[in-house]
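**Student:** Please find my_file_0.tsv (TSV, C-alpha atoms and all ligand atoms) on the next line:
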chain	number	residue	atom	x	y	z
A	288	MET	CA	0.00	0.00	0.00
A	289	LYS	CA	2.85	2.30	0.83
A	290	LYS	CA	4.28	1.68	-2.57
A	291	MET	CA	0.97	2.50	-4.24
A	292	LYS	CA	0.71	5.78	-2.34
A	293	LEU	CA	4.23	6.69	-3.30
A	294	LEU	CA	3.49	5.87	-6.91
A	295	SER	CA	0.31	7.97	-7.02
A	296	LEU	CA	2.17	10.87	-5.36
A	297	GLN	CA	4.89	10.53	-7.94
A	298	LEU	CA	2.31	10.44	-10.70
A	299	LYS	CA	0.58	13.58	-9.41
A	300	GLN	CA	3.87	15.42	-9.33
A	301	LEU	CA	4.87	14.21	-12.73
A	302	SER	CA	1.51	15.10	-14.25
A	303	LYS	CA	2.16	18.72	-13.29
A	304	ASN	CA	5.21	18.64	-15.45
A	305	LYS	CA	3.89	19.82	-18.78
A	306	SER	CA	7.18	19.82	-20.62
A	307	LEU	CA	7.11	16.18	-21.60
A	308	THR	CA	9.91	15.44	-23.99
A	309	LEU	CA	9.86	12.21	-25.91
A	310	TRP	CA	13.08	10.58	-26.92
A	311	LYS	CA	13.77	7.25	-28.45
A	312	SER	CA	16.87	5.13	-28.74
A	313	PHE	CA	17.75	2.31	-31.07
A	314	TRP	CA	19.63	-0.76	-30.04
A	315	THR	CA	20.60	-3.53	-32.42
A	316	LYS	CA	21.36	-7.10	-31.46
A	317	ASN	CA	21.49	-10.26	-33.60
A	318	GLY	CA	20.19	-8.35	-36.60
A	319	MET	CA	17.07	-7.15	-34.73
A	320	THR	CA	16.44	-3.53	-33.81
A	321	PHE	CA	14.78	-2.61	-30.54
A	322	PHE	CA	13.25	0.80	-29.96
A	323	ILE	CA	13.08	2.28	-26.52
A	324	PHE	CA	10.59	5.08	-26.08
A	325	LYS	CA	11.06	7.10	-22.95
A	326	PHE	CA	9.61	10.22	-21.50
A	327	GLU	CA	11.91	12.29	-19.36
A	328	LYS	CA	12.70	10.35	-16.17
A	329	ILE	CA	9.42	8.37	-16.41
A	330	SER	CA	8.93	4.74	-17.21
A	331	TRP	CA	6.50	3.74	-19.95
A	332	ILE	CA	3.62	2.63	-17.68
A	333	CYS	CA	3.65	5.95	-15.82
A	334	THR	CA	3.76	7.74	-19.12
A	335	MET	CA	0.45	6.21	-20.19
A	336	GLN	CA	-1.29	7.49	-17.06
A	337	ILE	CA	0.18	10.94	-17.32
A	338	LEU	CA	-0.90	11.11	-20.93
A	339	TYR	CA	-4.39	10.07	-19.91
A	340	GLN	CA	-4.58	12.81	-17.31
A	341	ASN	CA	-3.02	15.44	-19.50
A	342	ILE	CA	-4.60	14.83	-22.87
A	343	PRO	CA	-7.69	17.00	-22.22
A	344	LYS	CA	-5.43	19.91	-21.20
A	345	MET	CA	-3.04	19.52	-24.14
A	346	SER	CA	-2.85	21.68	-27.22
A	347	LEU	CA	-4.06	20.11	-30.46
A	348	THR	CA	-0.54	19.61	-31.83
A	349	LYS	CA	0.53	17.82	-28.67
A	350	LYS	CA	-2.57	15.62	-28.80
A	351	ILE	CA	-1.82	14.67	-32.41
A	352	PHE	CA	1.79	14.04	-31.51
A	353	CYS	CA	0.79	11.73	-28.64
A	354	ILE	CA	-1.70	9.82	-30.74
A	355	ILE	CA	0.86	9.32	-33.52
A	356	GLY	CA	3.33	8.12	-30.87
A	357	ILE	CA	0.86	5.59	-29.51
A	358	VAL	CA	-0.06	4.35	-33.01
A	359	ILE	CA	3.63	3.91	-33.92
A	360	LEU	CA	4.22	1.99	-30.71
A	361	GLY	CA	1.20	-0.23	-31.37
A	362	VAL	CA	2.36	-1.01	-34.91
A	363	TRP	CA	5.85	-1.66	-33.63
A	364	ILE	CA	4.63	-4.10	-30.97
A	365	GLY	CA	2.60	-5.91	-33.65
A	366	ILE	CA	5.47	-6.14	-36.12
A	367	SER	CA	7.98	-7.20	-33.50
A	368	SER	CA	5.73	-9.98	-32.15
A	369	ILE	CA	5.33	-11.35	-35.67
A	370	SER	CA	9.08	-11.10	-36.34
A	371	PHE	CA	9.88	-12.77	-33.01
A	372	PHE	CA	7.62	-15.64	-33.99
A	373	PHE	CA	9.34	-16.15	-37.36
A	374	TYR	CA	12.79	-15.58	-35.87
A	375	PHE	CA	12.30	-18.28	-33.22
A	376	GLN	CA	10.99	-20.68	-35.86
A	377	THR	CA	14.47	-20.64	-37.43
A	378	GLN	CA	16.24	-21.07	-34.07
A	379	PRO	CA	15.63	-24.68	-33.02
A	380	HIS	CA	17.50	-24.35	-29.73
A	381	PHE	CA	15.04	-21.77	-28.38
A	382	TRP	CA	12.39	-24.45	-28.27
A	383	ASN	CA	14.39	-27.13	-26.56
A	384	ILE	CA	12.41	-27.09	-23.32
A	385	LEU	CA	9.03	-26.97	-25.02
A	386	HIS	CA	7.03	-29.91	-26.17
A	387	PHE	CA	6.22	-29.83	-29.83
A	388	SER	CA	4.07	-31.89	-32.09
A	389	GLU	CA	5.48	-33.95	-34.94
A	390	LYS	CA	2.11	-34.45	-36.55
A	391	ASN	CA	2.21	-34.49	-40.29
A	392	PHE	CA	-0.44	-32.23	-41.79
A	393	LYS	CA	0.37	-33.00	-45.41
A	394	ILE	CA	-2.25	-34.86	-47.38
A	395	PHE	CA	-0.84	-37.84	-49.22
A	396	ASP	CA	-1.53	-37.84	-52.93
A	397	PRO	CA	-0.47	-41.11	-54.63
A	398	HIS	CA	-0.76	-39.52	-58.09
A	399	GLN	CA	1.62	-36.62	-57.60
A	400	THR	CA	4.64	-36.22	-59.85
A	401	PHE	CA	8.16	-35.03	-59.04
A	402	ASP	CA	10.92	-33.09	-60.76
A	403	LEU	CA	13.52	-35.85	-61.05
A	404	PHE	CA	15.68	-34.32	-63.78
A	405	SER	CA	16.31	-30.59	-63.14
A	406	PRO	CA	19.83	-30.34	-61.68
A	407	TYR	CA	18.80	-27.72	-59.08
A	408	SER	CA	15.64	-29.54	-57.97
A	409	TYR	CA	15.66	-31.11	-54.49
A	410	GLU	CA	14.05	-34.12	-56.15
A	411	VAL	CA	16.77	-34.72	-58.74
A	412	PHE	CA	17.91	-38.32	-59.03
A	413	VAL	CA	21.56	-39.31	-59.45
A	414	ASP	CA	23.31	-42.65	-59.78
A	415	LYS	CA	26.08	-44.19	-61.92
A	416	GLU	CA	23.99	-43.94	-65.09
A	417	HIS	CA	22.44	-40.58	-64.25
A	418	PRO	CA	25.15	-38.06	-63.34
A	419	SER	CA	24.24	-34.50	-62.38
A	420	LYS	CA	26.84	-32.11	-63.69
A	421	VAL	CA	26.60	-29.15	-61.34
A	422	GLU	CA	29.98	-27.95	-60.05
A	423	THR	CA	28.56	-26.12	-57.01
A	424	PHE	CA	25.36	-24.62	-55.57
A	425	LYS	CA	24.84	-21.02	-54.48
A	426	ASP	CA	22.73	-21.88	-51.44
A	427	ILE	CA	25.19	-24.15	-49.64
A	428	ARG	CA	25.47	-23.20	-45.96
A	429	ARG	CA	26.98	-24.46	-42.71
A	430	LEU	CA	24.71	-26.30	-40.30
A	431	ASN	CA	23.76	-24.35	-37.19
A	432	SER	CA	22.32	-26.43	-34.39
A	433	VAL	CA	23.09	-27.17	-30.75
A	434	PHE	CA	21.68	-30.66	-31.30
A	435	LEU	CA	24.69	-31.96	-33.18
A	436	TYR	CA	27.39	-34.07	-31.59
A	437	GLY	CA	31.05	-33.02	-31.77
A	438	ASP	CA	32.01	-30.89	-34.75
A	439	GLY	CA	28.69	-31.46	-36.58
A	440	ASN	CA	28.35	-27.77	-37.37
A	441	ILE	CA	31.39	-27.75	-39.67
A	442	PHE	CA	29.34	-29.61	-42.30
A	443	SER	CA	27.19	-27.96	-44.96
A	444	LEU	CA	24.04	-28.64	-46.96
A	445	ARG	CA	21.85	-26.65	-49.34
A	446	GLU	CA	19.70	-24.07	-47.55
A	447	GLU	CA	16.35	-25.88	-47.43
A	448	ALA	CA	17.94	-29.23	-46.58
A	449	ALA	CA	20.01	-27.59	-43.82
A	450	THR	CA	16.95	-25.95	-42.23
A	451	LYS	CA	14.95	-29.17	-42.31
A	452	PHE	CA	17.94	-31.13	-41.02
A	453	GLU	CA	18.30	-28.79	-38.03
A	454	LEU	CA	14.62	-29.26	-37.19
A	455	MET	CA	15.03	-33.02	-37.51
A	456	ALA	CA	18.12	-32.95	-35.25
A	457	ARG	CA	16.17	-31.07	-32.56
A	458	ALA	CA	13.22	-33.47	-32.76
A	459	PHE	CA	15.55	-36.47	-32.68
A	460	SER	CA	17.38	-35.24	-29.60
A	461	HIS	CA	14.08	-34.30	-27.95
A	462	ALA	CA	12.73	-37.83	-28.55
A	463	PHE	CA	15.63	-39.29	-26.55
A	464	LYS	CA	15.34	-36.73	-23.73
A	465	PHE	CA	18.38	-34.85	-25.07
A	466	GLN	CA	20.64	-37.85	-24.37
A	467	ALA	CA	21.24	-38.46	-28.10
A	468	LYS	CA	22.57	-36.16	-30.78
A	469	PHE	CA	23.33	-36.73	-34.44
A	470	SER	CA	26.98	-36.97	-35.32
A	471	ILE	CA	27.92	-36.37	-38.94
A	472	ASN	CA	30.62	-38.17	-40.90
A	473	SER	CA	30.03	-36.42	-44.19
A	474	ALA	CA	27.56	-34.02	-45.78
A	475	TYR	CA	28.09	-31.73	-48.80
A	476	ARG	CA	31.14	-32.54	-50.90
A	477	ASN	CA	31.98	-30.41	-53.90
A	478	THR	CA	32.95	-32.19	-57.08
A	479	ALA	CA	36.64	-31.34	-56.71
A	480	PHE	CA	36.65	-33.09	-53.32
A	481	GLN	CA	34.68	-36.04	-54.69
A	482	ARG	CA	37.33	-36.40	-57.43
A	483	LYS	CA	40.07	-36.49	-54.77
A	484	LEU	CA	38.19	-39.13	-52.75
A	485	TYR	CA	37.59	-41.18	-55.90
A	486	ALA	CA	41.29	-41.07	-56.66
A	487	ILE	CA	42.41	-42.35	-53.24
A	488	LEU	CA	39.62	-44.66	-51.97
A	489	PRO	CA	38.53	-48.08	-53.29
A	490	HIS	CA	35.77	-47.56	-55.85
A	491	GLN	CA	33.19	-49.67	-53.93
A	492	GLN	CA	33.42	-47.13	-51.11
A	493	VAL	CA	33.05	-43.91	-53.02
A	494	ALA	CA	30.86	-42.84	-55.93
A	495	LYS	CA	32.24	-41.56	-59.20
A	496	PRO	CA	32.39	-37.73	-59.46
A	497	TRP	CA	29.02	-36.23	-60.58
A	498	THR	CA	27.13	-39.29	-59.31
A	499	SER	CA	27.15	-38.87	-55.52
A	500	GLU	CA	24.16	-37.52	-53.61
A	501	HIS	CA	26.70	-35.75	-51.40
A	502	GLU	CA	27.67	-33.53	-54.35
A	503	LEU	CA	24.06	-32.34	-54.51
A	504	GLY	CA	24.41	-30.81	-51.02
A	505	LEU	CA	21.44	-32.92	-49.94
A	506	ALA	CA	22.93	-36.00	-48.26
A	507	VAL	CA	24.35	-36.65	-44.78
A	508	ASP	CA	26.10	-39.68	-43.35
A	509	LEU	CA	24.74	-39.94	-39.83
A	510	GLY	CA	25.81	-41.46	-36.57
A	511	VAL	CA	24.57	-40.89	-33.02
A	512	ASN	CA	26.81	-39.59	-30.23
A	513	GLY	CA	29.88	-40.43	-32.29
A	514	LYS	CA	28.83	-44.07	-32.90
A	515	GLY	CA	26.93	-45.85	-35.67
A	516	ILE	CA	23.22	-45.10	-35.99
A	517	GLU	CA	22.33	-48.78	-35.42
A	518	THR	CA	23.84	-49.00	-31.93
A	519	GLU	CA	21.56	-49.09	-28.84
A	520	GLY	CA	19.43	-51.92	-30.24
A	521	GLY	CA	18.59	-50.06	-33.42
A	522	LYS	CA	16.23	-47.60	-31.66
A	523	TYR	CA	17.89	-44.60	-33.32
A	524	PHE	CA	17.59	-46.07	-36.79
A	525	LYS	CA	13.99	-47.13	-36.08
A	526	ARG	CA	13.08	-43.59	-35.08
A	527	MET	CA	14.63	-42.28	-38.29
A	528	GLN	CA	12.70	-44.83	-40.37
A	529	GLU	CA	9.45	-43.69	-38.76
A	530	ASN	CA	10.00	-39.94	-38.69
A	531	ALA	CA	12.69	-38.69	-41.09
A	532	TYR	CA	10.24	-38.33	-43.98
A	533	LYS	CA	8.37	-35.62	-42.05
A	534	TYR	CA	11.50	-33.50	-42.53
A	535	GLY	CA	11.99	-34.56	-46.16
A	536	PHE	CA	14.78	-37.09	-45.53
A	537	HIS	CA	15.01	-40.56	-47.05
A	538	ASN	CA	17.37	-43.48	-46.46
A	539	SER	CA	18.60	-43.90	-50.04
A	540	TYR	CA	20.12	-47.37	-49.79
A	541	GLN	CA	17.84	-49.52	-47.62
A	542	LYS	CA	16.96	-52.50	-49.84
A	543	TRP	CA	19.29	-54.56	-52.02
A	544	ILE	CA	22.05	-53.71	-54.44
A	545	GLU	CA	19.85	-54.87	-57.34
A	546	ILE	CA	17.28	-52.21	-56.46
A	547	ASP	CA	19.37	-49.35	-55.12
A	548	GLY	CA	22.55	-49.90	-57.13
A	549	GLN	CA	24.45	-49.87	-53.83
A	550	MET	CA	24.80	-51.97	-50.70
A	551	LYS	CA	22.55	-51.12	-47.73
A	552	GLU	CA	23.75	-47.99	-45.93
A	553	THR	CA	21.88	-47.15	-42.74
A	554	ARG	CA	23.91	-43.97	-42.22
A	555	HIS	CA	23.18	-42.34	-45.57
A	556	TRP	CA	20.15	-40.00	-45.49
A	557	ARG	CA	19.22	-37.74	-48.33
A	558	TYR	CA	16.93	-34.73	-48.50
A	559	VAL	CA	14.35	-35.14	-51.28
A	560	GLY	CA	11.75	-32.64	-50.00
A	561	VAL	CA	8.80	-33.47	-47.75
A	562	ASP	CA	6.42	-34.43	-50.59
A	563	LEU	CA	8.72	-36.99	-52.22
A	564	ALA	CA	9.98	-38.32	-48.87
A	565	MET	CA	6.41	-38.89	-47.73
A	566	TYR	CA	5.53	-40.49	-51.05
A	567	LEU	CA	8.44	-42.96	-50.79
A	568	HIS	CA	7.62	-43.68	-47.14
A	569	LYS	CA	3.94	-44.39	-47.81
A	570	MET	CA	4.67	-46.46	-50.93
A	571	ASP	CA	7.56	-48.29	-49.18
A	572	MET	CA	9.89	-47.58	-52.08
A	573	THR	CA	13.48	-46.44	-52.26
A	574	PHE	CA	14.22	-43.41	-54.41
A	575	SER	CA	16.06	-45.56	-56.92
A	576	GLU	CA	13.15	-47.99	-57.11
A	577	TYR	CA	10.72	-45.13	-57.72
A	578	PHE	CA	12.98	-43.49	-60.31
A	579	HIS	CA	13.37	-46.69	-62.32
A	580	SER	CA	9.62	-47.38	-62.16
A	581	GLN	CA	9.05	-43.91	-63.69
A	582	GLU	CA	11.72	-44.51	-66.31
A	583	SER	CA	10.20	-47.79	-67.45
A	584	LYS	CA	6.73	-46.16	-67.47
A	585	ASN	CA	8.06	-43.42	-69.79
A	586	SER	CA	9.81	-45.89	-72.10
A	587	HIS	CA	6.52	-47.83	-72.51
A	588	ASN	CA	4.62	-44.67	-73.48
A	601	ZN	ZN	26.68	-41.06	-47.84
What does the file become when written as structure tokens?
**Tutor:**
Amino acid sequence: MKKMKLLSLQLKQLSKNKSLTLWKSFWTKNGMTFFIFKFEKISWICTMQILYQNIPKMSLTKKIFCIIGIVILGVWIGISSISFFFYFQTQPHFWNILHFSEKNFKIFDPHQTFDLFSPYSYEVFVDKEHPSKVETFKDIRRLNSVFLYGDGNIFSLREEAATKFELMARAFSHAFKFQAKFSINSAYRNTAFQRKLYAILPHQQVAKPWTSEHELGLAVDLGVNGKGIETEGGKYFKRMQENAYKYGFHNSYQKWIEIDGQMKETRHWRYVGVDLAMYLHKMDMTFSEYFHSQESKNSHN
């Protein structure tokens, strides 16, 4: 009660002060600008009350000035709340204590078609017979997530794949109560690097230049906590099989060499976009299997 009395006394005194001067300051952090509006020696809440008491006594110009001020502040609060929302969406680690839903709201359409041939498409198919001759991509970026084990953040992917991967890494870690994190053995490799690898490694272990999904900036070789993804009774791999498609990722080599053109590789996950990943998941097909089914369809037409 004492405090309230003091406050009302203060307010009465301050309301006598007619020379209200408004000043604002700008402060920039992490690419966001904050505005601080302040009336001389008065906090914002007091300011509202003083305005309320003083508006009837004010001159017309002052009234207009105050109203404009309030409108600007209102618009600013609106814009900043919306920007905060979108900003936090891109920052997975801000949500790490919150529960979130992994529900998939996409409607499955078994008749949809995909862009399997454009070199810049996320759905482009590559294998030994179907090279993709792009030297590099403009939207390659480093991963940025606190849910990666060890030096995971030194690896890069194309923008959309990187964003979806970070969301998947957060969800994965969340599912295991933050006791598990993805470790990465390899992600984007430019063609020059692929050529070097091809020159020094046995050819069963590394794809010919132009034919690796890693050169597309869409594939990652995953482990968990620095070990293989199939350790811990396969629960990590099982979770990936059940959920990775929601983030657009697909385990490229999961059947047999006759179907996928390569031996099974539980660690190799490729971004194909959410639509195609969901399609493959629902149809229980590998990407290679789907691609060849489309090819034979076209050759019959
Ligand atoms: Zn791989």
**Student:** Give me, please, the distance in Å between CA of Lys525 in chain A and CA of Gly437 in chain A, quoted to one decimal.
**Tutor:** 22.6 Å
**Student:** I'd like a table as CSV: residues in chain A with an atom no more than 9 Å from ligand ZN 601 (chain A), each row giving the shortest atom pair and its distance in Å to one decimal, only C-alpha atoms and all ligand atoms counted, sorted by chain and rising residue number.
**Tutor:**
residue,atom,partner,partner_atom,distance
A:Asn472,CA,A:ZN601,ZN,8.5
A:Ser473,CA,A:ZN601,ZN,6.8
A:Ala474,CA,A:ZN601,ZN,7.4
A:Val493,CA,A:ZN601,ZN,8.7
A:Ser499,CA,A:ZN601,ZN,8.0
A:Glu500,CA,A:ZN601,ZN,7.2
A:His501,CA,A:ZN601,ZN,6.4
A:Ala506,CA,A:ZN601,ZN,6.3
A:Val507,CA,A:ZN601,ZN,5.9
A:Asp508,CA,A:ZN601,ZN,4.7
A:Leu509,CA,A:ZN601,ZN,8.3
A:Ser539,CA,A:ZN601,ZN,8.8
A:Glu552,CA,A:ZN601,ZN,7.8
A:Arg554,CA,A:ZN601,ZN,6.9
A:His555,CA,A:ZN601,ZN,4.4
A:Trp556,CA,A:ZN601,ZN,7.0
A:Arg557,CA,A:ZN601,ZN,8.2
**Student:** What's around range 566-583 of chain A at 8 Å? Count only C-alpha atoms, leave out sequence neighbours fewer than 6 positions away in its own chain, and write the answer as a ChimeraX atom specification.
**Tutor:** /A:395-397,403,412,532,537-542,546-548
**Student:** Using CA of Ile357 in chain A and CA of Phe371 in chain A as the two end points, give the distance in Å to one decimal.
**Tutor:** 20.8 Å
**Student:** Please, what distance in Å, to one decimal, runs between CA of Arg429 in chain A and CA of Phe536 in chain A?
**Tutor:** 17.8 Å
**Student:** Write out as a PDB file with C-alpha atoms, in the frame of the given file which residues come within 6 Å of Glu453 in chain A when counting only C-alpha atoms, dropping same-chain ones fewer than 3 positions away.
**Tutor:**
ATOM      1  CA  SER A 432      22.320 -26.430 -34.390  1.00  0.00           C
ATOM      2  CA  THR A 450      16.950 -25.950 -42.230  1.00  0.00           C
ATOM      3  CA  ALA A 456      18.120 -32.950 -35.250  1.00  0.00           C
TER       4      ALA A 456
END
**Student:** So which one's closest to Pro496 in chain A, A:Met345, A:Val559, A:Ala479, A:Ala467? Using all atoms listed in the file, please.
**Tutor:** A:Ala479
**Student:** Please provide the set of residues having any atom within 9 Å of Phe452 in chain A, restricted to all atoms listed in the file, with same-chain residues fewer than 4 positions apart removed, written as a count of residues only.
**Tutor:** 10
